[in-house]
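Accompanying notes for the structure given below.
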Amino acid sequence: MASLAAMLKESGYQVSGSDEGVYPPMSDFLADKGIQVMQGYRVENLKPEPDLAVVGNAVSRGNAEVEYILNFKVPYTSFPEALKNFFLRDKTSVVVTGTHGKTTTTSMIAWVLHFAGFRPNCLIGGIAENFRSSYRMEGGAPFVVEGDEYDSAFFDKGPKFMHYLPNVAIVGNIEFDHADIYPNLDAIRLQFSRFINLIPERGYLAVGADSPVALEVCRKTYCLSETFGLSPENDWGTRDTAMEGGKLSFDVLYRKKLFRRLRLDLVGVYNVRNALAATAVLHRLGVPEDDIRDGLEAFLGVRRRLQLLAEVDGIRIYEDFAHHPTAVRETLQALRDAFHPKRLWAIYEPRSATSRRNFFQKEIAQALSLADCVAVPALFRPEKVPDGERLDLAQLIADLRQTGRAAWNLDSVEGIIQKVCEEARAGDWIVILSNGGFGGIFEKLPAALAAR
């Protein structure tokens with residue numbers, strides 16, 4: 001929503017908006033763009049009455065502004081419909097979908113297209129460090145967009161990606177997520193199959209072969225499709241993956257022949273997959289092979305994706321967006337494999353609709369057990385989850401301690417900070433895992449350690 005607001009303003013429209021609990025980096029981003037954000041929802045925020053209200057999926061019936069819009073027939077639309085109608089219709093739409101890796105892969109593609117002179121447009125679900133922005137409007141033919149499977153608005157419960165008119169697409173992986181709107185994996189599988197059915201005959205699809213569900217869903221397509229994954233047997237595969245001089249290095253194979261060797265300023269096998277997906281799409285779009293290599297090697301990552309926050313007294317502190325067990329596991333494994341820290345801490349906030357539920361009770365314990373020390377706060381907005389479905393934090397801590405991990409359930413951010421200040425020592429690596437603001441811990445923890 002913040003990115004769309006900035007794009008509309010850059011296109012010449014007058015834009016303002018309402019939200020509550022706005023936090024960095026998007027709050028800073030909007031302020032830099034000169035876009036007024038009213039804290040809280042009030043009818044007064046709609047005066048003078050707008051020509052169009054773009055309604056995000058975080059608001060629903062009962063919201064004061066939604067009720068005014070409906071009562072007085074103010075023209076309204078959803079975020080993905082606005083993106084389609086204002087920006088996508090006359091572009092080559094490149095849509096990046098999947099449960100994990102969308103933001104990084106979208107950023108990689110957009111950056112390399114820019115690097116190679118293709119003048120891309122893009123909309124990313126995070127801030128790409130190369131652009132220091134979550135969007136780009138350069139005026140060329142490609143428009144690269146992160147295709148979210150979450151619903152569009154209270155009046156449109158279908159996924160956002162169904163609106164994006166895909167010419168070129170990626171389905172990186174498919175797992176169960178968004179337990180507040182999808183009852184099971186089959187329901188998610190159905191939405192991805194509907195998305196695949198929108199790609200035109202002359203389009204292109206890159207499929208993550210390391211995801212069995214993605215392979216199954218993408219089996220029937222009307223367009224050219226290629227697979228990517230860690231096996232050299234895929235259309236786009238790899239070999240000889242290693243950390244060389246602090247860089248993630250691997251050979252990219254195209255149909256079993258060497259394409260290029262890449263050396264990325266990233267860690268984790270999940271970023272090998274992200275780079276393969278990006279390479280497949282960039283190759284399809286006609287980007288020269290050397291530009292693909294050089295552009296990816298100049299890629300700086302995405303804010304809040306395993307980003308170093310601070311180093312205090314020999315303690316390194318990272319933040320990461322991971323909340324799904326798969327993402328948590330791969331993030332922690334990446335840090336262990338790349339840097340071999342003396343002790344690894346995971347400070348984990350179960351904040352998303354899925355992570356607050358007990359659907360992944362065992363899986364999140366297994367993922368967090370890759371850390372030596374684990375701290376979790378009280379459940380975020382527990383009243384939003386039915387009693388019998390809530391993640392059992394006491395059981396989570398007990399399961400972690402049974403594996404020999406030091407683990408604590410601490411009610412508040414202040415309690416977590418106090419525990420870290422008591423226990424952390426030089427050589428420890430701390431990663432804060434949350435898809436939200438987490439009570440300002442990203443700023444408070446480094447400051448507290450520095451003042452210790």
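Lettering and numbering for the structure tokens are positional, with chains as A, B, ... in the shown order, residues counted from 1 in each chain, and ligands counted from 1 in the shown order.
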Residues at most 8 Å from A:Val144, counting only C-alpha atoms, excluding those fewer than 5 positions away in the same chain, as number ranges by chain?
A: 93-96, 106, 109-110, 120-123
Hey, what does DSSP flag as helix (DSSP H, G or I) within stretch 9-147 of chain A? Can you give it to me as a PyMOL selection string?
chain A and resi 9-10+26-32+43-46+64-71+79-88+102-115
Selected residues written out with C-alpha atoms, as a PDB file, in the first residue's frame:
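result-v3.pdb was written with the following content:
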ATOM      1  CA  LYS A   9       1.850  10.429  -6.203  1.00  0.00           C
ATOM      2  CA  GLU A  10       4.761  10.197  -8.618  1.00  0.00           C
ATOM      3  CA  MET A  26       7.591   2.054   5.667  1.00  0.00           C
ATOM      4  CA  SER A  27       6.732   4.965   7.975  1.00  0.00           C
ATOM      5  CA  ASP A  28      10.057   6.604   7.109  1.00  0.00           C
ATOM      6  CA  PHE A  29       9.543   5.804   3.439  1.00  0.00           C
ATOM      7  CA  LEU A  30       6.141   7.557   3.335  1.00  0.00           C
ATOM      8  CA  ALA A  31       7.461  10.563   5.217  1.00  0.00           C
ATOM      9  CA  ASP A  32      10.321  10.889   2.713  1.00  0.00           C
ATOM     10  CA  VAL A  43     -14.438   9.958   8.824  1.00  0.00           C
ATOM     11  CA  GLU A  44     -12.613  13.295   8.914  1.00  0.00           C
ATOM     12  CA  ASN A  45      -9.715  11.660   7.062  1.00  0.00           C
ATOM     13  CA  LEU A  46     -11.978  11.404   3.996  1.00  0.00           C
ATOM     14  CA  ALA A  64     -15.213   4.109  10.292  1.00  0.00           C
ATOM     15  CA  GLU A  65     -13.834   5.034   6.875  1.00  0.00           C
ATOM     16  CA  VAL A  66     -15.124   1.840   5.214  1.00  0.00           C
ATOM     17  CA  GLU A  67     -18.612   2.552   6.543  1.00  0.00           C
ATOM     18  CA  TYR A  68     -18.505   6.115   5.204  1.00  0.00           C
ATOM     19  CA  ILE A  69     -17.324   4.900   1.794  1.00  0.00           C
ATOM     20  CA  LEU A  70     -20.203   2.415   1.584  1.00  0.00           C
ATOM     21  CA  ASN A  71     -22.855   4.777   2.976  1.00  0.00           C
ATOM     22  CA  PHE A  79      -4.915  -2.550  -3.883  1.00  0.00           C
ATOM     23  CA  PRO A  80      -4.302  -5.176  -6.631  1.00  0.00           C
ATOM     24  CA  GLU A  81      -7.093  -3.810  -8.854  1.00  0.00           C
ATOM     25  CA  ALA A  82      -5.636  -0.314  -8.558  1.00  0.00           C
ATOM     26  CA  LEU A  83      -2.188  -1.627  -9.461  1.00  0.00           C
ATOM     27  CA  LYS A  84      -3.594  -3.435 -12.485  1.00  0.00           C
ATOM     28  CA  ASN A  85      -5.666  -0.541 -13.794  1.00  0.00           C
ATOM     29  CA  PHE A  86      -3.160   2.253 -13.179  1.00  0.00           C
ATOM     30  CA  PHE A  87       0.098   0.489 -14.033  1.00  0.00           C
ATOM     31  CA  LEU A  88       0.028  -3.067 -15.443  1.00  0.00           C
ATOM     32  CA  LYS A 102       9.122 -13.534  -3.321  1.00  0.00           C
ATOM     33  CA  THR A 103      10.547 -10.241  -2.091  1.00  0.00           C
ATOM     34  CA  THR A 104      14.197 -11.133  -2.691  1.00  0.00           C
ATOM     35  CA  THR A 105      13.541 -12.702  -6.100  1.00  0.00           C
ATOM     36  CA  THR A 106      11.431  -9.731  -7.236  1.00  0.00           C
ATOM     37  CA  SER A 107      14.204  -7.371  -6.120  1.00  0.00           C
ATOM     38  CA  MET A 108      16.874  -9.406  -7.923  1.00  0.00           C
ATOM     39  CA  ILE A 109      14.956  -9.334 -11.222  1.00  0.00           C
ATOM     40  CA  ALA A 110      14.156  -5.627 -11.014  1.00  0.00           C
ATOM     41  CA  TRP A 111      17.737  -4.717 -10.123  1.00  0.00           C
ATOM     42  CA  VAL A 112      19.342  -6.743 -12.932  1.00  0.00           C
ATOM     43  CA  LEU A 113      16.866  -5.327 -15.466  1.00  0.00           C
ATOM     44  CA  HIS A 114      17.892  -1.848 -14.305  1.00  0.00           C
ATOM     45  CA  PHE A 115      21.588  -2.816 -14.359  1.00  0.00           C
TER      46      PHE A 115
END
Step one, run DSSP on the backbone; step two, keep only residues of stretch 280-443 of chain A assigned to strand (DSSP E); then write them as a ChimeraX atom specification.
/A:307-312,315-320,343-348,373-376,406-409,428-433
Mind writing the picked residues with N, CA and C atoms as a compact mmCIF listing (two decimals), in the first residue's frame?
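Output file selection_21.txt follows:
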# COMPACT_ATOMS: atom_id res chain seq x y z
N GLN A 307 19.47 -8.94 7.76
CA GLN A 307 20.21 -7.68 7.69
C GLN A 307 20.95 -7.44 9.00
N LEU A 308 22.22 -7.12 8.92
CA LEU A 308 23.00 -6.82 10.11
C LEU A 308 22.56 -5.48 10.68
N LEU A 309 22.10 -5.52 11.94
CA LEU A 309 21.65 -4.30 12.62
C LEU A 309 22.80 -3.60 13.33
N ALA A 310 23.60 -4.39 14.07
CA ALA A 310 24.64 -3.79 14.91
C ALA A 310 25.62 -4.85 15.36
N GLU A 311 26.80 -4.39 15.76
CA GLU A 311 27.76 -5.25 16.45
C GLU A 311 28.17 -4.53 17.72
N VAL A 312 27.90 -5.13 18.87
CA VAL A 312 28.13 -4.50 20.16
C VAL A 312 28.94 -5.46 21.03
N ILE A 315 29.15 -8.95 19.89
CA ILE A 315 27.86 -9.61 19.65
C ILE A 315 27.26 -9.02 18.39
N ARG A 316 26.95 -9.87 17.43
CA ARG A 316 26.36 -9.41 16.17
C ARG A 316 24.84 -9.62 16.23
N ILE A 317 24.09 -8.59 15.82
CA ILE A 317 22.63 -8.63 15.88
C ILE A 317 22.07 -8.46 14.46
N TYR A 318 21.26 -9.44 14.05
CA TYR A 318 20.61 -9.42 12.73
C TYR A 318 19.10 -9.33 12.91
N GLU A 319 18.44 -8.83 11.88
CA GLU A 319 16.98 -8.94 11.85
C GLU A 319 16.57 -9.66 10.57
N ASP A 320 15.46 -10.39 10.67
CA ASP A 320 14.96 -11.12 9.51
C ASP A 320 13.44 -11.20 9.59
N ARG A 343 27.68 -19.11 19.67
CA ARG A 343 26.31 -19.40 20.08
C ARG A 343 25.36 -18.59 19.20
N LEU A 344 24.26 -19.22 18.81
CA LEU A 344 23.27 -18.55 17.97
C LEU A 344 21.99 -18.36 18.77
N TRP A 345 21.54 -17.13 18.81
CA TRP A 345 20.28 -16.78 19.47
C TRP A 345 19.19 -16.58 18.42
N ALA A 346 17.98 -17.03 18.73
CA ALA A 346 16.79 -16.71 17.94
C ALA A 346 15.79 -16.01 18.86
N ILE A 347 15.50 -14.75 18.55
CA ILE A 347 14.43 -14.03 19.26
C ILE A 347 13.25 -14.00 18.30
N TYR A 348 12.24 -14.79 18.60
CA TYR A 348 11.18 -15.10 17.63
C TYR A 348 9.84 -14.55 18.10
N CYS A 373 20.08 -20.56 21.89
CA CYS A 373 19.27 -19.82 22.85
C CYS A 373 18.05 -19.25 22.13
N VAL A 374 16.87 -19.40 22.71
CA VAL A 374 15.63 -18.94 22.08
C VAL A 374 14.82 -18.14 23.09
N ALA A 375 14.36 -16.97 22.67
CA ALA A 375 13.47 -16.16 23.50
C ALA A 375 12.24 -15.79 22.68
N VAL A 376 11.06 -15.95 23.27
CA VAL A 376 9.81 -15.58 22.60
C VAL A 376 8.99 -14.71 23.54
N ALA A 406 18.65 -23.49 25.55
CA ALA A 406 18.22 -22.52 26.54
C ALA A 406 17.05 -21.75 25.94
N ALA A 407 15.90 -21.78 26.59
CA ALA A 407 14.71 -21.18 25.99
C ALA A 407 13.88 -20.51 27.07
N TRP A 408 13.32 -19.35 26.71
CA TRP A 408 12.53 -18.56 27.65
C TRP A 408 11.30 -17.98 26.95
N ASN A 409 10.17 -18.04 27.64
CA ASN A 409 8.96 -17.32 27.21
C ASN A 409 8.84 -16.10 28.13
N ASP A 428 28.56 -14.30 20.45
CA ASP A 428 27.17 -14.67 20.18
C ASP A 428 26.65 -13.95 18.94
N TRP A 429 25.81 -14.64 18.20
CA TRP A 429 25.10 -14.03 17.07
C TRP A 429 23.62 -14.10 17.39
N ILE A 430 22.94 -12.98 17.26
CA ILE A 430 21.52 -12.88 17.60
C ILE A 430 20.75 -12.53 16.34
N VAL A 431 19.70 -13.30 16.05
CA VAL A 431 18.82 -12.94 14.94
C VAL A 431 17.41 -12.75 15.48
N ILE A 432 16.84 -11.58 15.18
CA ILE A 432 15.48 -11.24 15.60
C ILE A 432 14.55 -11.56 14.44
N LEU A 433 13.59 -12.44 14.68
CA LEU A 433 12.73 -12.98 13.62
C LEU A 433 11.30 -12.49 13.84
At a cut-off of 12 Å, using only C-alpha atoms, what residues contact A:Gly158? Leave out same-chain residues fewer than 2 positions from it and give the result as a VMD selection string.
chain A and resid 57 78 80 to 81 148 to 156 160 to 163 181 to 182 187 to 188 190 to 192 194 to 195
Would you list the contacts of stretch 413-421 of chain A as a ChimeraX atom specification, taking every protein, DNA or RNA residue within 8 Å and counting only C-alpha atoms, but skipping same-chain residues closer than 3 positions in sequence?
/A:375-377,410,424,438-439,441,444-445,448-449,452
Those residues with C-alpha atoms, as an mmCIF file, in the first residue's frame please?
data_model
loop_
_atom_site.group_PDB
_atom_site.id
_atom_site.type_symbol
_atom_site.label_atom_id
_atom_site.label_comp_id
_atom_site.auth_asym_id
_atom_site.auth_seq_id
_atom_site.Cartn_x
_atom_site.Cartn_y
_atom_site.Cartn_z
ATOM 1 C CA ALA A 375 13.471 -16.159 23.497
ATOM 2 C CA VAL A 376 9.811 -15.580 22.600
ATOM 3 C CA PRO A 377 7.379 -12.909 23.811
ATOM 4 C CA LEU A 410 9.119 -13.688 28.342
ATOM 5 C CA ALA A 424 24.727 -12.714 25.905
ATOM 6 C CA PHE A 438 8.080 -6.210 17.479
ATOM 7 C CA GLY A 439 7.758 -3.389 19.993
ATOM 8 C CA ILE A 441 13.219 -4.303 19.724
ATOM 9 C CA LYS A 444 16.100 -1.090 21.730
ATOM 10 C CA LEU A 445 18.236 -4.248 21.952
ATOM 11 C CA ALA A 448 20.614 -1.798 25.747
ATOM 12 C CA LEU A 449 23.636 -3.984 24.984
ATOM 13 C CA ARG A 452 25.301 -2.651 29.574
#
Spatial neighbours of A:Gly237, 8 Å, only C-alpha atoms, chain gap at least 5 places, as a ChimeraX atom specification:
/A:228-232,252-256,276
Write to file, as a PDB file, in the first residue's frame, the residues of the selection just made, with C-alpha atoms.
ATOM      1  CA  PHE A 228      14.786 -24.473 -11.378  1.00  0.00           C
ATOM      2  CA  GLY A 229      16.298 -25.989  -8.250  1.00  0.00           C
ATOM      3  CA  LEU A 230      19.409 -27.296  -6.564  1.00  0.00           C
ATOM      4  CA  SER A 231      19.636 -30.465  -8.666  1.00  0.00           C
ATOM      5  CA  PRO A 232      21.681 -30.211 -11.883  1.00  0.00           C
ATOM      6  CA  VAL A 252      24.469 -22.071 -12.611  1.00  0.00           C
ATOM      7  CA  LEU A 253      23.669 -24.800 -15.127  1.00  0.00           C
ATOM      8  CA  TYR A 254      21.245 -24.378 -18.003  1.00  0.00           C
ATOM      9  CA  ARG A 255      20.117 -27.718 -19.353  1.00  0.00           C
ATOM     10  CA  LYS A 256      23.134 -29.336 -17.673  1.00  0.00           C
ATOM     11  CA  LEU A 276      18.117 -19.406 -10.121  1.00  0.00           C
TER      12      LEU A 276
END
List as JSON, numbers by chain the protein and nucleic acid residues near A:Asn167, meaning an atom at most 10 Å away when only C-alpha atoms are counted, but skip any in the same chain fewer than 3 places from it.
{"A": [91, 92, 93, 94, 95, 142, 143, 164, 198, 199, 200, 201, 202, 203, 204, 205, 223]}
Give me the residues within 12 Å of A:Glu363 as an mmCIF file with C-alpha atoms, in the first residue's frame, counting only C-alpha atoms and dropping any in the same chain fewer than 4 places off.
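Just written: selection_28.cif:
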data_model
loop_
_atom_site.group_PDB
_atom_site.id
_atom_site.type_symbol
_atom_site.label_atom_id
_atom_site.label_comp_id
_atom_site.auth_asym_id
_atom_site.auth_seq_id
_atom_site.Cartn_x
_atom_site.Cartn_y
_atom_site.Cartn_z
ATOM 1 C CA HIS A 323 7.963 -16.281 10.624
ATOM 2 C CA HIS A 324 6.955 -19.489 8.803
ATOM 3 C CA PRO A 325 8.853 -22.563 10.155
ATOM 4 C CA THR A 326 10.513 -23.232 6.795
ATOM 5 C CA ALA A 327 11.854 -19.675 6.598
ATOM 6 C CA VAL A 328 12.963 -19.738 10.255
ATOM 7 C CA ARG A 329 14.793 -23.038 9.735
ATOM 8 C CA SER A 355 2.554 -18.509 13.369
ATOM 9 C CA ARG A 357 -1.710 -20.862 15.610
ATOM 10 C CA ASN A 358 -0.729 -24.375 16.664
ATOM 11 C CA PHE A 359 -0.813 -25.757 13.139
ATOM 12 C CA ALA A 367 13.158 -24.960 13.341
ATOM 13 C CA LEU A 368 14.071 -22.927 16.428
ATOM 14 C CA SER A 369 16.134 -25.810 17.811
ATOM 15 C CA LEU A 370 18.816 -24.811 15.284
ATOM 16 C CA LEU A 391 0.285 -21.706 19.607
ATOM 17 C CA LEU A 396 7.208 -24.710 22.671
ATOM 18 C CA ASP A 399 10.119 -28.904 23.620
ATOM 19 C CA LEU A 400 13.154 -26.651 23.058
#
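Residue nearest A:Leu300, chosen from A:Gln39, A:Thr331, A:Asn130, A:Asn435 and counting only C-alpha atoms: A:Asn130.
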